[in-house]
Every structure is written in structure tokens, then in C-alpha cells.
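**Student:** First the structure, then my questions, so here it is.
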Amino acid sequence: MPVIDAHVHLYPPEVNRDPAAWAVAHGEPQWSLMCTRVRKTSGRPVQGFPSLAELLRDLDQAGVDRAVLLGWYWENQANCVAQNRFYAECVRAHPDRLSAFATVHPGAGADALAEMHRARDEGLIGLGELSSHAQGIGLDDPRWRAVLGLAGEWRWPVNLHVTEPESRAYPGRVETPLVDFYALATAFPQVKFILAHWGGRLWRAGRAWPTNVWVDTAAAPLLYTGDAAIWAEGMAAAGDGRVLWGSDYPLVLYPQTSGTETLPRFLAEARARLTSDAQDAVLSGNAARVLGVG
């Protein structure tokens, strides 16, 4: 059974050389808050900035067969375009190991839609990780609705960032009311929504599960106290067919220990917490079906 990591981030070399300086020069303060800081408790960076070659090495060491590269909810459309071009190069170079989603800033209007067309022509297969809340776009903004409408027309999956309402405060944290995701799922039934980070425990909103919504497991050890509990709760609420394994690489998921074990440790924990049938679905089958990869 191939293992698919459905939530991976990677940045171009010009970002990796000096991420904090790049963020200042390119107008991305929110990303810098979340990704370039050092943890006060451990004195370690919150994440690494690996090269493409290092990503492939880490996938090999962990036994992960394919990674799905996700963009970021950038504050500027030009940075979305640059990341999409980089991802297109990565996928062309390693089509057997990598798939990629495009990112856009919906506020760019027609330019965002044109970028979606260009990204699809270059082989990208979905949209995200996006956040209308962080990007300052209202749910009823016609530009946001146009982006989702086009994704629905193409049957593109859309990965959305979700903040768990009861999670601790951290730099860059943005509120994302759970009711908003129910509203989006209802308004855009053709869109396959993947809600990151266990969907912020969407099931606690007390509503029927939308038939066009999946969740991924990205960053679970960091976001949820008692990681085993979120697996049990999430699998019971969403079911085997609605969960995609995703790591949020290169985020350091276990900040009190060495970062090199993030992928293999998180994969081992997933296997330990899933039945054999659920492993087939969560680690591979669901991504293959929803994303069209494998």
C-alpha cells in the first residue's frame, strides 16, 4: 500500500535562503509570524526550510511514497504565482513522487482566476491551502465565490486552513468559525473541501456532516492535547472514508525532541491508532480517490 502525505509545504530557494528577510521584502508578515519564529519553550525554530532534494530524502526515510505539495494563503498574489511556478517545476521533475495544489489570493479577482487556469495547464491538481479569513476575503465576496465556483466546475479539491476554536494562542493565529465551513460546503456542493488540522474538530459544531467535506490530520501533535484522543474522536466522527493523512511538513511536530523524526514518528503513530482497514483508507485510498493521485 503506497503512503500519501496529503499536506506538505515547500518553498523556492529564494525563500529558504533567508525566510524572515524574504517575508519583509515581499509583504508577508502573517506567514513570517507563523513560520519563521523560534519557540520560546525550546529555543528551536517552528519549522525547517528544506530543499526539494531534502524533502525527497525525508520521504524516503519515512517510507512515504508521494507528497501533495500545498501552497500558502499568501497576502499577495505575486507570491502565489511564484510558488505555483516552483511547484510546477517540482512536479515536472518528480511526477512519480509529487503532486501539487495551486494557491491564489482571491482578492486579485480576474488575475486569480487566470492563475488557476495557468496552474491547471501546468499540471497542478487542486487549490490550497487557502484561508479567506487570513487573506481578508469575506465568504460572500464575489471574488472568493468566483474562485470556488471555478474549482467546483473543475471538480478540484480545495484545502482550507481551519483553526480549532479552543486551541491555545500562538503567533499568527486567525479565528475561523466552524459555521463558515458548513456554509461553504452548502453553497458549493461540487467542491471537494479538505479541512486542514482535523477540520478544527468540525463535528463539535453539532451539525450533520457535509457530503463534500473531508479532513486532514496536519499538525495534530502540536494542536491537540492528547494526540491519541483526537485520532479516536476524529475517526469516530468523520469515518474511515473522510480522513486524509497529512503531516504539515516541514513543521516540527515534536518540538521537545529532534526534528528529524517528524515524518516517521507521525506515520508510526497513525498506524498505531488505526485499524488495518482504516490504514488503507487514511494513509492512501482516500487521497487517491479524492485527489486523483496514487
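Chain labels run A, B, ... following the order of the C-alpha cells; each chain numbers its residues from 1, and ligands are numbered from 1 in the order shown.
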As a PyMOL selection string, please: every residue in region 39-247 of chain A that DSSP puts in strand (DSSP E).
**Tutor:** chain A and resi 66-69+98-100+127-130+157-160+192-195+213-216+243-244
**Student:** Using C-alpha atoms, can you export the residues from the last selection as a PDB file, in the first residue's frame?
**Tutor:**
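That gives us out.pdb:
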ATOM      1  CA  ARG A  66       4.013  10.520  -2.565  1.00  0.00           C
ATOM      2  CA  ALA A  67       3.669  14.042  -1.183  1.00  0.00           C
ATOM      3  CA  VAL A  68       0.973  16.521  -2.103  1.00  0.00           C
ATOM      4  CA  LEU A  69       2.515  19.996  -2.066  1.00  0.00           C
ATOM      5  CA  LEU A  98       4.937  14.695  -6.097  1.00  0.00           C
ATOM      6  CA  SER A  99       1.578  16.265  -6.809  1.00  0.00           C
ATOM      7  CA  ALA A 100       0.754  19.902  -6.098  1.00  0.00           C
ATOM      8  CA  LEU A 127      -6.394  24.635  -4.658  1.00  0.00           C
ATOM      9  CA  GLY A 128      -4.995  25.442  -1.223  1.00  0.00           C
ATOM     10  CA  GLU A 129      -4.056  25.654   1.484  1.00  0.00           C
ATOM     11  CA  LEU A 130      -6.253  28.773   1.439  1.00  0.00           C
ATOM     12  CA  PRO A 157     -10.306  19.637  -4.300  1.00  0.00           C
ATOM     13  CA  VAL A 158      -9.828  22.734  -2.132  1.00  0.00           C
ATOM     14  CA  ASN A 159      -7.791  22.578   1.085  1.00  0.00           C
ATOM     15  CA  LEU A 160      -8.762  25.218   3.654  1.00  0.00           C
ATOM     16  CA  LYS A 192     -14.439  18.715  -2.547  1.00  0.00           C
ATOM     17  CA  PHE A 193     -13.378  20.596   0.586  1.00  0.00           C
ATOM     18  CA  ILE A 194     -10.482  19.253   2.645  1.00  0.00           C
ATOM     19  CA  LEU A 195     -10.377  20.988   6.015  1.00  0.00           C
ATOM     20  CA  VAL A 213     -16.116  17.602   3.212  1.00  0.00           C
ATOM     21  CA  TRP A 214     -13.003  15.687   4.255  1.00  0.00           C
ATOM     22  CA  VAL A 215     -10.405  16.496   6.920  1.00  0.00           C
ATOM     23  CA  ASP A 216      -6.664  16.024   7.103  1.00  0.00           C
ATOM     24  CA  VAL A 243      -9.798  11.430   6.741  1.00  0.00           C
ATOM     25  CA  LEU A 244      -6.559  12.031   4.816  1.00  0.00           C
TER      26      LEU A 244
END
**Student:** Please provide as a list of chain:residue names all residues within 12 Å of Glu166 (chain A), with the sequence filter that same-chain residues fewer than 6 positions apart are discarded (counting only C-alpha atoms).
**Tutor:**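 So the residues in contact are A:Arg173, A:Glu175, A:Thr176, A:Pro177, A:Leu178, A:Gly200, A:Arg201, A:Leu202, A:Arg204, A:Leu223, A:Tyr224, A:Thr225.
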**Student:** Suppose we keep C-alpha atoms; can you now write the selection as an mmCIF file, in the first residue's frame?
**Tutor:**
data_model
loop_
_atom_site.group_PDB
_atom_site.id
_atom_site.type_symbol
_atom_site.label_atom_id
_atom_site.label_comp_id
_atom_site.auth_asym_id
_atom_site.auth_seq_id
_atom_site.Cartn_x
_atom_site.Cartn_y
_atom_site.Cartn_z
ATOM 1 C CA ARG A 173 -3.419 32.538 14.932
ATOM 2 C CA GLU A 175 -10.109 32.729 14.054
ATOM 3 C CA THR A 176 -12.007 30.573 11.561
ATOM 4 C CA PRO A 177 -15.590 29.995 12.800
ATOM 5 C CA LEU A 178 -16.701 26.436 12.128
ATOM 6 C CA GLY A 200 -10.778 22.196 13.826
ATOM 7 C CA ARG A 201 -12.981 19.375 15.212
ATOM 8 C CA LEU A 202 -15.792 20.362 12.869
ATOM 9 C CA ARG A 204 -18.296 19.656 17.602
ATOM 10 C CA LEU A 223 -2.591 21.421 18.034
ATOM 11 C CA TYR A 224 -4.386 18.855 20.160
ATOM 12 C CA THR A 225 -3.591 17.925 23.735
#
**Student:** Restricting the calculation to only C-alpha atoms, which member of A:Asn212, A:Asn16, A:Thr36, A:Gln190 is positioned closest to Pro171 (chain A)?
**Tutor:**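 Counting only C-alpha atoms, the residue closest to Pro171 (chain A) is A:Thr36.
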**Student:** Please, which residues of region 217-291 of chain A, numbered as in this document, come out alpha helix (DSSP H) from DSSP, as a tab-separated table (two decimals) with N, CA and C atoms, in the first residue's frame?
**Tutor:**
chain	number	residue	atom	x	y	z
A	220	ALA	N	-1.41	17.59	13.99
A	220	ALA	CA	-2.19	17.13	15.14
A	220	ALA	C	-1.40	17.11	16.45
A	221	PRO	N	-0.15	16.61	16.50
A	221	PRO	CA	0.55	16.57	17.78
A	221	PRO	C	0.77	17.94	18.41
A	222	LEU	N	0.83	18.98	17.58
A	222	LEU	CA	1.02	20.34	18.11
A	222	LEU	C	-0.29	20.97	18.55
A	223	LEU	N	-1.35	20.68	17.85
A	223	LEU	CA	-2.59	21.42	18.03
A	223	LEU	C	-3.53	20.82	19.06
A	227	ASP	N	-2.76	13.59	21.71
A	227	ASP	CA	-2.90	13.31	20.27
A	227	ASP	C	-3.71	12.04	20.01
A	228	ALA	N	-3.59	11.05	20.89
A	228	ALA	CA	-4.36	9.82	20.69
A	228	ALA	C	-5.86	10.09	20.74
A	229	ALA	N	-6.27	11.03	21.59
A	229	ALA	CA	-7.69	11.33	21.74
A	229	ALA	C	-8.26	11.94	20.47
A	230	ILE	N	-7.52	12.80	19.80
A	230	ILE	CA	-8.06	13.43	18.59
A	230	ILE	C	-8.22	12.39	17.48
A	231	TRP	N	-7.33	11.41	17.44
A	231	TRP	CA	-7.50	10.35	16.43
A	231	TRP	C	-8.78	9.55	16.69
A	232	ALA	N	-8.99	9.17	17.94
A	232	ALA	CA	-10.19	8.39	18.26
A	232	ALA	C	-11.46	9.20	18.01
A	233	GLU	N	-11.45	10.45	18.44
A	233	GLU	CA	-12.62	11.31	18.27
A	233	GLU	C	-12.87	11.62	16.80
A	234	GLY	N	-11.79	11.94	16.09
A	234	GLY	CA	-11.94	12.31	14.68
A	234	GLY	C	-12.38	11.16	13.80
A	235	MET	N	-11.82	9.98	14.03
A	235	MET	CA	-12.21	8.83	13.22
A	235	MET	C	-13.66	8.43	13.50
A	236	ALA	N	-14.08	8.55	14.75
A	236	ALA	CA	-15.46	8.21	15.09
A	236	ALA	C	-16.44	9.19	14.44
A	237	ALA	N	-16.05	10.46	14.39
A	237	ALA	CA	-16.96	11.49	13.86
A	237	ALA	C	-16.98	11.52	12.34
A	238	ALA	N	-15.80	11.43	11.73
A	238	ALA	CA	-15.72	11.58	10.27
A	238	ALA	C	-15.86	10.26	9.54
A	262	THR	N	10.21	13.68	12.61
A	262	THR	CA	8.83	14.13	12.48
A	262	THR	C	8.00	13.23	11.58
A	263	LEU	N	8.42	13.00	10.35
A	263	LEU	CA	7.63	12.19	9.43
A	263	LEU	C	7.52	10.73	9.87
A	264	PRO	N	8.62	10.02	10.13
A	264	PRO	CA	8.47	8.62	10.52
A	264	PRO	C	7.71	8.44	11.83
A	265	ARG	N	7.90	9.34	12.78
A	265	ARG	CA	7.20	9.21	14.06
A	265	ARG	C	5.70	9.44	13.87
A	266	PHE	N	5.34	10.46	13.11
A	266	PHE	CA	3.92	10.75	12.91
A	266	PHE	C	3.24	9.65	12.11
A	267	LEU	N	3.95	9.08	11.15
A	267	LEU	CA	3.40	7.96	10.38
A	267	LEU	C	3.22	6.73	11.27
A	268	ALA	N	4.20	6.47	12.12
A	268	ALA	CA	4.10	5.33	13.04
A	268	ALA	C	2.92	5.52	14.00
A	269	GLU	N	2.71	6.74	14.48
A	269	GLU	CA	1.60	6.99	15.37
A	269	GLU	C	0.25	6.78	14.67
A	270	ALA	N	0.19	7.20	13.41
A	270	ALA	CA	-1.05	6.99	12.66
A	270	ALA	C	-1.35	5.50	12.53
A	271	ARG	N	-0.35	4.73	12.19
A	271	ARG	CA	-0.56	3.29	12.05
A	271	ARG	C	-0.98	2.65	13.36
A	272	ALA	N	-0.42	3.12	14.46
A	272	ALA	CA	-0.74	2.55	15.76
A	272	ALA	C	-2.17	2.86	16.17
A	276	SER	N	-6.36	-1.92	10.45
A	276	SER	CA	-5.72	-2.17	9.15
A	276	SER	C	-6.57	-1.63	8.01
A	277	ASP	N	-7.88	-1.79	8.09
A	277	ASP	CA	-8.75	-1.24	7.04
A	277	ASP	C	-8.69	0.28	7.01
A	278	ALA	N	-8.69	0.90	8.17
A	278	ALA	CA	-8.61	2.36	8.23
A	278	ALA	C	-7.26	2.85	7.73
A	279	GLN	N	-6.20	2.11	7.99
A	279	GLN	CA	-4.89	2.49	7.45
A	279	GLN	C	-4.93	2.57	5.93
A	280	ASP	N	-5.52	1.58	5.30
A	280	ASP	CA	-5.60	1.58	3.83
A	280	ASP	C	-6.30	2.83	3.32
A	286	ASN	N	-8.02	7.21	0.49
A	286	ASN	CA	-8.83	8.41	0.44
A	286	ASN	C	-8.17	9.49	-0.42
A	287	ALA	N	-6.87	9.67	-0.26
A	287	ALA	CA	-6.17	10.65	-1.09
A	287	ALA	C	-6.20	10.28	-2.55
A	288	ALA	N	-6.02	8.97	-2.83
A	288	ALA	CA	-6.05	8.52	-4.22
A	288	ALA	C	-7.40	8.81	-4.85
A	289	ARG	N	-8.45	8.63	-4.08
A	289	ARG	CA	-9.80	8.84	-4.62
A	289	ARG	C	-10.15	10.33	-4.70
A	290	VAL	N	-9.92	11.07	-3.63
A	290	VAL	CA	-10.35	12.47	-3.57
A	290	VAL	C	-9.46	13.36	-4.43
A	291	LEU	N	-8.16	13.08	-4.43
A	291	LEU	CA	-7.22	13.93	-5.15
A	291	LEU	C	-6.88	13.40	-6.53
**Student:** Counting only C-alpha atoms, which of A:Val293, A:Met1, A:Ala78, A:Leu56 gets nearest to Gly27 (chain A)?
**Tutor:**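 With only C-alpha atoms as the atom set, the closest residue is A:Ala78.
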**Student:** Skipping near chain neighbours, those fewer than 4 positions away, what residues fall within 9 Å of Val64 (chain A) using only C-alpha atoms, listed as a VMD selection string?
**Tutor:** chain A and resid 2 to 5 58 to 60 263 to 264 267
**Student:** Next, dump the selected residues to file, keeping only C-alpha atoms, as a short mmCIF file (atom, residue, chain, number, x, y, z; two decimals), in the first residue's frame.
**Tutor:**
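Output (part_24.cif):
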data_model
loop_
_atom_site.label_atom_id
_atom_site.label_comp_id
_atom_site.auth_asym_id
_atom_site.auth_seq_id
_atom_site.Cartn_x
_atom_site.Cartn_y
_atom_site.Cartn_z
CA PRO A 2 1.56 3.33 -1.02
CA VAL A 3 1.61 6.05 1.62
CA ILE A 4 0.47 9.53 0.57
CA ASP A 5 1.17 12.62 2.65
CA ASP A 58 12.88 12.68 4.15
CA LEU A 59 10.05 10.98 2.29
CA ASP A 60 12.32 8.03 1.54
CA LEU A 263 7.63 12.19 9.43
CA PRO A 264 8.47 8.62 10.52
CA LEU A 267 3.40 7.96 10.38
#
**Student:** What is the CA of Pro45 (chain A) to CA of Val252 (chain A) distance in Å?
**Tutor:**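 Straight-line distance from CA of Pro45 (chain A) to CA of Val252 (chain A) works out to 8.0 Å.
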**Student:** Can you list, as a ChimeraX atom specification, every protein, DNA or RNA residue that comes within 12 Å of Arg120 (chain A) when you count only C-alpha atoms, leaving out same-chain residues fewer than 2 positions away?
**Tutor:** /A:84-85,87-88,99-103,113-118,122-127,150-151,154-156
**Student:** What's the separation between CA of Gly199 (chain A) and CA of Val162 (chain A), in Å to one decimal place?
**Tutor:** 5.7 Å
